[in-house]
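**Student:** See upload.pdb below, with PDB, N, CA and C atoms.
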ATOM      1  N   MET A   1       0.816  -1.196   0.000
ATOM      2  CA  MET A   1       0.000   0.000   0.000
ATOM      3  C   MET A   1       0.863   1.264   0.000
ATOM      4  N   LEU A   2       1.925   1.277   0.814
ATOM      5  CA  LEU A   2       2.789   2.456   0.871
ATOM      6  C   LEU A   2       3.523   2.687  -0.446
ATOM      7  N   LYS A   3       3.902   1.601  -1.115
ATOM      8  CA  LYS A   3       4.588   1.755  -2.403
ATOM      9  C   LYS A   3       3.662   2.380  -3.437
ATOM     10  N   PHE A   4       2.401   1.988  -3.394
ATOM     11  CA  PHE A   4       1.414   2.545  -4.314
ATOM     12  C   PHE A   4       1.198   4.035  -4.057
ATOM     13  N   ILE A   5       1.077   4.415  -2.799
ATOM     14  CA  ILE A   5       0.896   5.828  -2.447
ATOM     15  C   ILE A   5       2.139   6.631  -2.816
ATOM     16  N   ASN A   6       3.313   6.061  -2.582
ATOM     17  CA  ASN A   6       4.547   6.756  -2.956
ATOM     18  C   ASN A   6       4.635   6.960  -4.467
ATOM     19  N   ALA A   7       4.227   5.957  -5.230
ATOM     20  CA  ALA A   7       4.259   6.082  -6.693
ATOM     21  C   ALA A   7       3.290   7.157  -7.160
ATOM     22  N   ILE A   8       2.103   7.198  -6.565
ATOM     23  CA  ILE A   8       1.131   8.234  -6.935
ATOM     24  C   ILE A   8       1.651   9.618  -6.554
ATOM     25  N   GLU A   9       2.305   9.714  -5.397
ATOM     26  CA  GLU A   9       2.883  11.002  -4.980
ATOM     27  C   GLU A   9       3.946  11.482  -5.957
ATOM     28  N   ILE A  10       4.746  10.583  -6.458
ATOM     29  CA  ILE A  10       5.785  10.962  -7.422
ATOM     30  C   ILE A  10       5.158  11.467  -8.710
ATOM     31  N   VAL A  11       4.135  10.765  -9.192
ATOM     32  CA  VAL A  11       3.459  11.195 -10.420
ATOM     33  C   VAL A  11       2.799  12.555 -10.228
ATOM     34  N   ILE A  12       2.148  12.755  -9.091
ATOM     35  CA  ILE A  12       1.492  14.040  -8.828
ATOM     36  C   ILE A  12       2.523  15.152  -8.680
ATOM     37  N   ALA A  13       3.667  14.857  -8.059
ATOM     38  CA  ALA A  13       4.714  15.871  -7.921
ATOM     39  C   ALA A  13       5.240  16.294  -9.295
ATOM     40  N   ILE A  14       5.394  15.344 -10.195
ATOM     41  CA  ILE A  14       5.860  15.666 -11.553
ATOM     42  C   ILE A  14       4.820  16.495 -12.294
ATOM     43  N   LEU A  15       3.543  16.091 -12.201
ATOM     44  CA  LEU A  15       2.477  16.847 -12.858
ATOM     45  C   LEU A  15       2.339  18.251 -12.276
ATOM     46  N   LEU A  16       2.500  18.371 -10.965
ATOM     47  CA  LEU A  16       2.427  19.678 -10.317
ATOM     48  C   LEU A  16       3.568  20.580 -10.775
ATOM     49  N   THR A  17       4.747  20.025 -10.872
ATOM     50  CA  THR A  17       5.894  20.799 -11.349
ATOM     51  C   THR A  17       5.680  21.280 -12.779
ATOM     52  N   ILE A  18       5.175  20.408 -13.629
ATOM     53  CA  ILE A  18       4.916  20.788 -15.017
ATOM     54  C   ILE A  18       3.848  21.865 -15.098
ATOM     55  N   SER A  19       2.779  21.708 -14.315
ATOM     56  CA  SER A  19       1.708  22.709 -14.376
ATOM     57  C   SER A  19       2.170  24.070 -13.864
ATOM     58  N   ILE A  20       3.065  24.086 -12.901
ATOM     59  CA  ILE A  20       3.593  25.355 -12.399
ATOM     60  C   ILE A  20       4.551  25.987 -13.411
ATOM     61  N   LEU A  21       5.368  25.164 -14.033
ATOM     62  CA  LEU A  21       6.317  25.703 -15.010
ATOM     63  C   LEU A  21       5.633  26.222 -16.268
ATOM     64  N   LEU A  22       4.469  25.691 -16.599
ATOM     65  CA  LEU A  22       3.751  26.173 -17.779
ATOM     66  C   LEU A  22       3.061  27.509 -17.540
ATOM     67  N   GLN A  23       2.894  27.900 -16.296
ATOM     68  CA  GLN A  23       2.257  29.181 -15.994
ATOM     69  C   GLN A  23       3.254  30.308 -16.208
ATOM     70  N   ASN A  24       2.728  31.479 -16.559
ATOM     71  CA  ASN A  24       3.554  32.676 -16.759
ATOM     72  C   ASN A  24       4.712  32.409 -17.697
ATOM     73  N   ARG A  25       4.401  31.888 -18.852
ATOM     74  CA  ARG A  25       5.408  31.467 -19.817
ATOM     75  C   ARG A  25       6.347  32.603 -20.219
ATOM     76  N   GLY A  26       5.832  33.782 -20.488
ATOM     77  CA  GLY A  26       6.675  34.845 -21.004
ATOM     78  C   GLY A  26       7.034  35.912 -19.996
ATOM     79  N   ALA A  27       6.877  35.669 -18.710
ATOM     80  CA  ALA A  27       7.069  36.716 -17.720
ATOM     81  C   ALA A  27       8.485  36.775 -17.173
ATOM     82  N   GLY A  28       9.396  35.987 -17.646
ATOM     83  CA  GLY A  28      10.761  35.875 -17.144
ATOM     84  C   GLY A  28      11.454  37.165 -16.778
ATOM     85  N   LEU A  29      12.368  37.637 -17.603
ATOM     86  CA  LEU A  29      13.144  38.842 -17.312
ATOM     87  C   LEU A  29      12.595  40.077 -18.002
ATOM     88  N   SER A  30      11.434  39.973 -18.606
ATOM     89  CA  SER A  30      10.914  41.119 -19.345
ATOM     90  C   SER A  30      10.610  42.307 -18.433
ATOM     91  N   GLY A  31      10.212  42.051 -17.201
ATOM     92  CA  GLY A  31       9.944  43.138 -16.269
ATOM     93  C   GLY A  31      11.200  43.862 -15.839
ATOM     94  N   THR A  32      12.330  43.168 -15.845
ATOM     95  CA  THR A  32      13.595  43.769 -15.448
ATOM     96  C   THR A  32      14.045  44.828 -16.439
ATOM     97  N   PHE A  33      13.811  44.591 -17.707
ATOM     98  CA  PHE A  33      14.287  45.498 -18.740
ATOM     99  C   PHE A  33      13.193  46.424 -19.265
ATOM    100  N   GLY A  34      12.105  46.537 -18.540
ATOM    101  CA  GLY A  34      11.068  47.481 -18.920
ATOM    102  C   GLY A  34      10.061  46.941 -19.911
ATOM    103  N   GLY A  35      10.105  45.690 -20.217
ATOM    104  CA  GLY A  35       9.182  45.142 -21.200
ATOM    105  C   GLY A  35       7.938  44.545 -20.601
ATOM    106  N   GLY A  36       7.796  44.666 -19.303
ATOM    107  CA  GLY A  36       6.641  44.055 -18.638
ATOM    108  C   GLY A  36       5.370  44.841 -18.878
ATOM    109  N   PHE A  37       4.256  44.178 -18.832
ATOM    110  CA  PHE A  37       2.952  44.812 -19.045
ATOM    111  C   PHE A  37       2.583  45.678 -17.847
ATOM    112  N   GLY A  38       2.739  45.135 -16.667
ATOM    113  CA  GLY A  38       2.501  45.897 -15.459
ATOM    114  C   GLY A  38       1.044  46.110 -15.108
ATOM    115  N   GLY A  39       0.138  45.733 -15.961
ATOM    116  CA  GLY A  39      -1.276  45.917 -15.684
ATOM    117  C   GLY A  39      -1.911  44.646 -15.159
ATOM    118  N   TYR A  40      -3.185  44.744 -14.898
ATOM    119  CA  TYR A  40      -3.936  43.606 -14.391
ATOM    120  C   TYR A  40      -4.713  42.987 -15.536
ATOM    121  N   HIS A  41      -4.618  41.692 -15.648
ATOM    122  CA  HIS A  41      -5.439  41.001 -16.629
ATOM    123  C   HIS A  41      -5.966  39.716 -15.997
ATOM    124  N   THR A  42      -7.131  39.334 -16.417
ATOM    125  CA  THR A  42      -7.722  38.118 -15.872
ATOM    126  C   THR A  42      -7.214  36.907 -16.628
ATOM    127  N   LYS A  43      -7.124  35.811 -15.922
ATOM    128  CA  LYS A  43      -6.690  34.577 -16.559
ATOM    129  C   LYS A  43      -7.876  33.969 -17.281
ATOM    130  N   ARG A  44      -7.636  33.555 -18.502
ATOM    131  CA  ARG A  44      -8.697  32.966 -19.300
ATOM    132  C   ARG A  44      -8.205  31.686 -19.932
ATOM    133  N   GLY A  45      -9.137  30.826 -20.226
ATOM    134  CA  GLY A  45      -8.840  29.620 -20.982
ATOM    135  C   GLY A  45      -7.838  28.720 -20.300
ATOM    136  N   PHE A  46      -6.746  28.460 -21.007
ATOM    137  CA  PHE A  46      -5.752  27.502 -20.550
ATOM    138  C   PHE A  46      -5.020  27.981 -19.300
ATOM    139  N   GLU A  47      -4.789  29.292 -19.186
ATOM    140  CA  GLU A  47      -4.147  29.831 -17.977
ATOM    141  C   GLU A  47      -4.992  29.546 -16.744
ATOM    142  N   LYS A  48      -6.288  29.748 -16.858
ATOM    143  CA  LYS A  48      -7.202  29.512 -15.740
ATOM    144  C   LYS A  48      -7.230  28.026 -15.392
ATOM    145  N   PHE A  49      -7.227  27.178 -16.419
ATOM    146  CA  PHE A  49      -7.197  25.740 -16.198
ATOM    147  C   PHE A  49      -5.924  25.325 -15.466
ATOM    148  N   LEU A  50      -4.790  25.905 -15.839
ATOM    149  CA  LEU A  50      -3.524  25.572 -15.183
ATOM    150  C   LEU A  50      -3.517  25.990 -13.719
ATOM    151  N   VAL A  51      -4.115  27.118 -13.417
ATOM    152  CA  VAL A  51      -4.174  27.571 -12.024
ATOM    153  C   VAL A  51      -5.007  26.603 -11.192
ATOM    154  N   PHE A  52      -6.182  26.253 -11.700
ATOM    155  CA  PHE A  52      -7.038  25.323 -10.959
ATOM    156  C   PHE A  52      -6.417  23.930 -10.881
ATOM    157  N   LEU A  53      -5.734  23.500 -11.932
ATOM    158  CA  LEU A  53      -5.050  22.204 -11.915
ATOM    159  C   LEU A  53      -3.937  22.200 -10.866
ATOM    160  N   SER A  54      -3.185  23.283 -10.775
ATOM    161  CA  SER A  54      -2.115  23.377  -9.782
ATOM    162  C   SER A  54      -2.673  23.337  -8.363
ATOM    163  N   ILE A  55      -3.772  24.033  -8.135
ATOM    164  CA  ILE A  55      -4.393  24.028  -6.808
ATOM    165  C   ILE A  55      -4.895  22.635  -6.467
ATOM    166  N   PHE A  56      -5.560  21.983  -7.418
ATOM    167  CA  PHE A  56      -6.083  20.639  -7.189
ATOM    168  C   PHE A  56      -4.954  19.642  -6.923
ATOM    169  N   LEU A  57      -3.904  19.688  -7.750
ATOM    170  CA  LEU A  57      -2.796  18.751  -7.573
ATOM    171  C   LEU A  57      -2.065  18.976  -6.253
ATOM    172  N   SER A  58      -1.928  20.227  -5.833
ATOM    173  CA  SER A  58      -1.256  20.480  -4.562
ATOM    174  C   SER A  58      -2.085  19.972  -3.384
ATOM    175  N   CYS A  59      -3.411  20.120  -3.472
ATOM    176  CA  CYS A  59      -4.270  19.593  -2.404
ATOM    177  C   CYS A  59      -4.203  18.073  -2.346
ATOM    178  N   VAL A  60      -4.238  17.426  -3.498
ATOM    179  CA  VAL A  60      -4.134  15.959  -3.541
ATOM    180  C   VAL A  60      -2.783  15.507  -3.001
ATOM    181  N   PHE A  61      -1.724  16.237  -3.341
ATOM    182  CA  PHE A  61      -0.388  15.877  -2.864
ATOM    183  C   PHE A  61      -0.308  15.982  -1.346
ATOM    184  N   ILE A  62      -0.885  17.030  -0.779
ATOM    185  CA  ILE A  62      -0.860  17.205   0.675
ATOM    186  C   ILE A  62      -1.657  16.108   1.369
ATOM    187  N   VAL A  63      -2.816  15.775   0.821
ATOM    188  CA  VAL A  63      -3.635  14.707   1.406
ATOM    189  C   VAL A  63      -2.887  13.373   1.353
ATOM    190  N   LEU A  64      -2.260  13.076   0.228
ATOM    191  CA  LEU A  64      -1.497  11.824   0.116
ATOM    192  C   LEU A  64      -0.301  11.811   1.061
ATOM    193  N   ALA A  65       0.331  12.951   1.262
ATOM    194  CA  ALA A  65       1.461  13.004   2.188
ATOM    195  C   ALA A  65       1.005  12.742   3.625
ATOM    196  N   VAL A  66      -0.145  13.279   3.998
ATOM    197  CA  VAL A  66      -0.679  13.041   5.351
ATOM    198  C   VAL A  66      -1.063  11.571   5.510
ATOM    199  N   ILE A  67      -1.710  10.993   4.495
ATOM    200  CA  ILE A  67      -2.065   9.566   4.543
ATOM    201  C   ILE A  67      -0.814   8.715   4.646
ATOM    202  N   ASN A  68       0.201   9.069   3.882
ATOM    203  CA  ASN A  68       1.472   8.349   3.927
ATOM    204  C   ASN A  68       2.090   8.416   5.331
ATOM    205  N   LEU A  69       2.046   9.573   5.946
ATOM    206  CA  LEU A  69       2.582   9.766   7.287
ATOM    207  C   LEU A  69       1.815   8.925   8.306
ATOM    208  N   ILE A  70       0.502   8.931   8.212
ATOM    209  CA  ILE A  70      -0.326   8.157   9.139
ATOM    210  C   ILE A  70      -0.058   6.657   8.995
ATOM    211  N   LEU A  71      -0.023   6.183   7.757
ATOM    212  CA  LEU A  71       0.224   4.750   7.531
ATOM    213  C   LEU A  71       1.621   4.336   7.970
ATOM    214  N   THR A  72       2.597   5.204   7.765
ATOM    215  CA  THR A  72       3.957   4.880   8.183
ATOM    216  C   THR A  72       4.059   4.800   9.707
ATOM    217  N   ASN A  73       3.386   5.707  10.398
ATOM    218  CA  ASN A  73       3.420   5.675  11.872
ATOM    219  C   ASN A  73       2.686   4.481  12.431
ATOM    220  N   LYS A  74       1.641   4.011  11.769
ATOM    221  CA  LYS A  74       0.907   2.835  12.248
ATOM    222  C   LYS A  74       1.696   1.550  12.052
ATOM    223  N   LEU A  75       2.513   1.511  10.998
ATOM    224  CA  LEU A  75       3.281   0.298  10.725
ATOM    225  C   LEU A  75       4.502   0.172  11.634
ATOM    226  N   ASN A  76       5.003   1.278  12.135
ATOM    227  CA  ASN A  76       6.205   1.247  12.972
ATOM    228  C   ASN A  76       5.897   1.228  14.417
TER     229      ASN A  76
END
Take the structure from the file and write it as structure tokens.

**Tutor:**
Amino acid sequence: MLKFINAIEIVIAILLTISILLQNRGAGLSGTFGGGFGGYHTKRGFEKFLVFLSIFLSCVFIVLAVINLILTNKLN
């Protein structure tokens, strides 16, 4: 059971990392050199999906980590 939870945690960690890296694709150093937009814009479409996906994956990761901790303490 613990191996299965650990494997799922690894997959979710990879997906979470990818979803975070895909956000703010062009925002790198453009603000440093004056090329930043600086205004407020709402997230639409795929950006909004990535934000909600990141929130969902982080919540699932935290829940799995707590379950993993509980199961590990019960076995020892």

**Student:** With the PyMOL selection byres (((chain A and resi 57-61 and name CA) around 8) and name CA) as the selection, what would be picked from this file? Answer as a PDB file with N, CA and C atoms, keeping the file's coordinate frame, please.

**Tutor:**
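Okay, expr-v2.pdb is ready:
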ATOM      1  N   GLU A   9       2.305   9.714  -5.397  1.00  0.00           N
ATOM      2  CA  GLU A   9       2.883  11.002  -4.980  1.00  0.00           C
ATOM      3  C   GLU A   9       3.946  11.482  -5.957  1.00  0.00           C
ATOM      4  N   ILE A  12       2.148  12.755  -9.091  1.00  0.00           N
ATOM      5  CA  ILE A  12       1.492  14.040  -8.828  1.00  0.00           C
ATOM      6  C   ILE A  12       2.523  15.152  -8.680  1.00  0.00           C
ATOM      7  N   ALA A  13       3.667  14.857  -8.059  1.00  0.00           N
ATOM      8  CA  ALA A  13       4.714  15.871  -7.921  1.00  0.00           C
ATOM      9  C   ALA A  13       5.240  16.294  -9.295  1.00  0.00           C
ATOM     10  N   LEU A  15       3.543  16.091 -12.201  1.00  0.00           N
ATOM     11  CA  LEU A  15       2.477  16.847 -12.858  1.00  0.00           C
ATOM     12  C   LEU A  15       2.339  18.251 -12.276  1.00  0.00           C
ATOM     13  N   LEU A  16       2.500  18.371 -10.965  1.00  0.00           N
ATOM     14  CA  LEU A  16       2.427  19.678 -10.317  1.00  0.00           C
ATOM     15  C   LEU A  16       3.568  20.580 -10.775  1.00  0.00           C
ATOM     16  N   LEU A  53      -5.734  23.500 -11.932  1.00  0.00           N
ATOM     17  CA  LEU A  53      -5.050  22.204 -11.915  1.00  0.00           C
ATOM     18  C   LEU A  53      -3.937  22.200 -10.866  1.00  0.00           C
ATOM     19  N   SER A  54      -3.185  23.283 -10.775  1.00  0.00           N
ATOM     20  CA  SER A  54      -2.115  23.377  -9.782  1.00  0.00           C
ATOM     21  C   SER A  54      -2.673  23.337  -8.363  1.00  0.00           C
ATOM     22  N   ILE A  55      -3.772  24.033  -8.135  1.00  0.00           N
ATOM     23  CA  ILE A  55      -4.393  24.028  -6.808  1.00  0.00           C
ATOM     24  C   ILE A  55      -4.895  22.635  -6.467  1.00  0.00           C
ATOM     25  N   PHE A  56      -5.560  21.983  -7.418  1.00  0.00           N
ATOM     26  CA  PHE A  56      -6.083  20.639  -7.189  1.00  0.00           C
ATOM     27  C   PHE A  56      -4.954  19.642  -6.923  1.00  0.00           C
ATOM     28  N   ILE A  62      -0.885  17.030  -0.779  1.00  0.00           N
ATOM     29  CA  ILE A  62      -0.860  17.205   0.675  1.00  0.00           C
ATOM     30  C   ILE A  62      -1.657  16.108   1.369  1.00  0.00           C
ATOM     31  N   VAL A  63      -2.816  15.775   0.821  1.00  0.00           N
ATOM     32  CA  VAL A  63      -3.635  14.707   1.406  1.00  0.00           C
ATOM     33  C   VAL A  63      -2.887  13.373   1.353  1.00  0.00           C
ATOM     34  N   LEU A  64      -2.260  13.076   0.228  1.00  0.00           N
ATOM     35  CA  LEU A  64      -1.497  11.824   0.116  1.00  0.00           C
ATOM     36  C   LEU A  64      -0.301  11.811   1.061  1.00  0.00           C
ATOM     37  N   ALA A  65       0.331  12.951   1.262  1.00  0.00           N
ATOM     38  CA  ALA A  65       1.461  13.004   2.188  1.00  0.00           C
ATOM     39  C   ALA A  65       1.005  12.742   3.625  1.00  0.00           C
TER      40      ALA A  65
END

**Student:** Can you work out the spacing between CA of Thr42 (chain A) and CA of Gln23 (chain A) in Å, to one decimal?

**Tutor:** 13.4 Å

**Student:** Any idea what the distance is between CA of Lys3 (chain A) and atom C of Asn76 (chain A)?

**Tutor:**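 Result for CA of Lys3 (chain A) versus atom C of Asn76 (chain A): 16.9 Å, one decimal.
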
**Student:** Can you tell me, as JSON, the centre and edge lengths (Å, one decimal) of the axis-aligned box enclosing all of region 5-20 of chain A's listed atoms after padding each side by 6 Å?

**Tutor:**
{"center_x": 3.4, "center_y": 15.2, "center_z": -8.8, "size_x": 17.0, "size_y": 33.6, "size_z": 24.7}

**Student:** Quick one: distance from CA of Lys74 (chain A) to CA of Ile8 (chain A) in Å, one decimal?

**Tutor:** 19.9 Å

**Student:** For Lys48 (chain A), which residue out of A:Leu22, A:Met1, A:Ile14, A:Asn6 is the nearest one, using only C-alpha atoms?

**Tutor:**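 Ranked by minimum distance to Lys48 (chain A), first place goes to A:Leu22.
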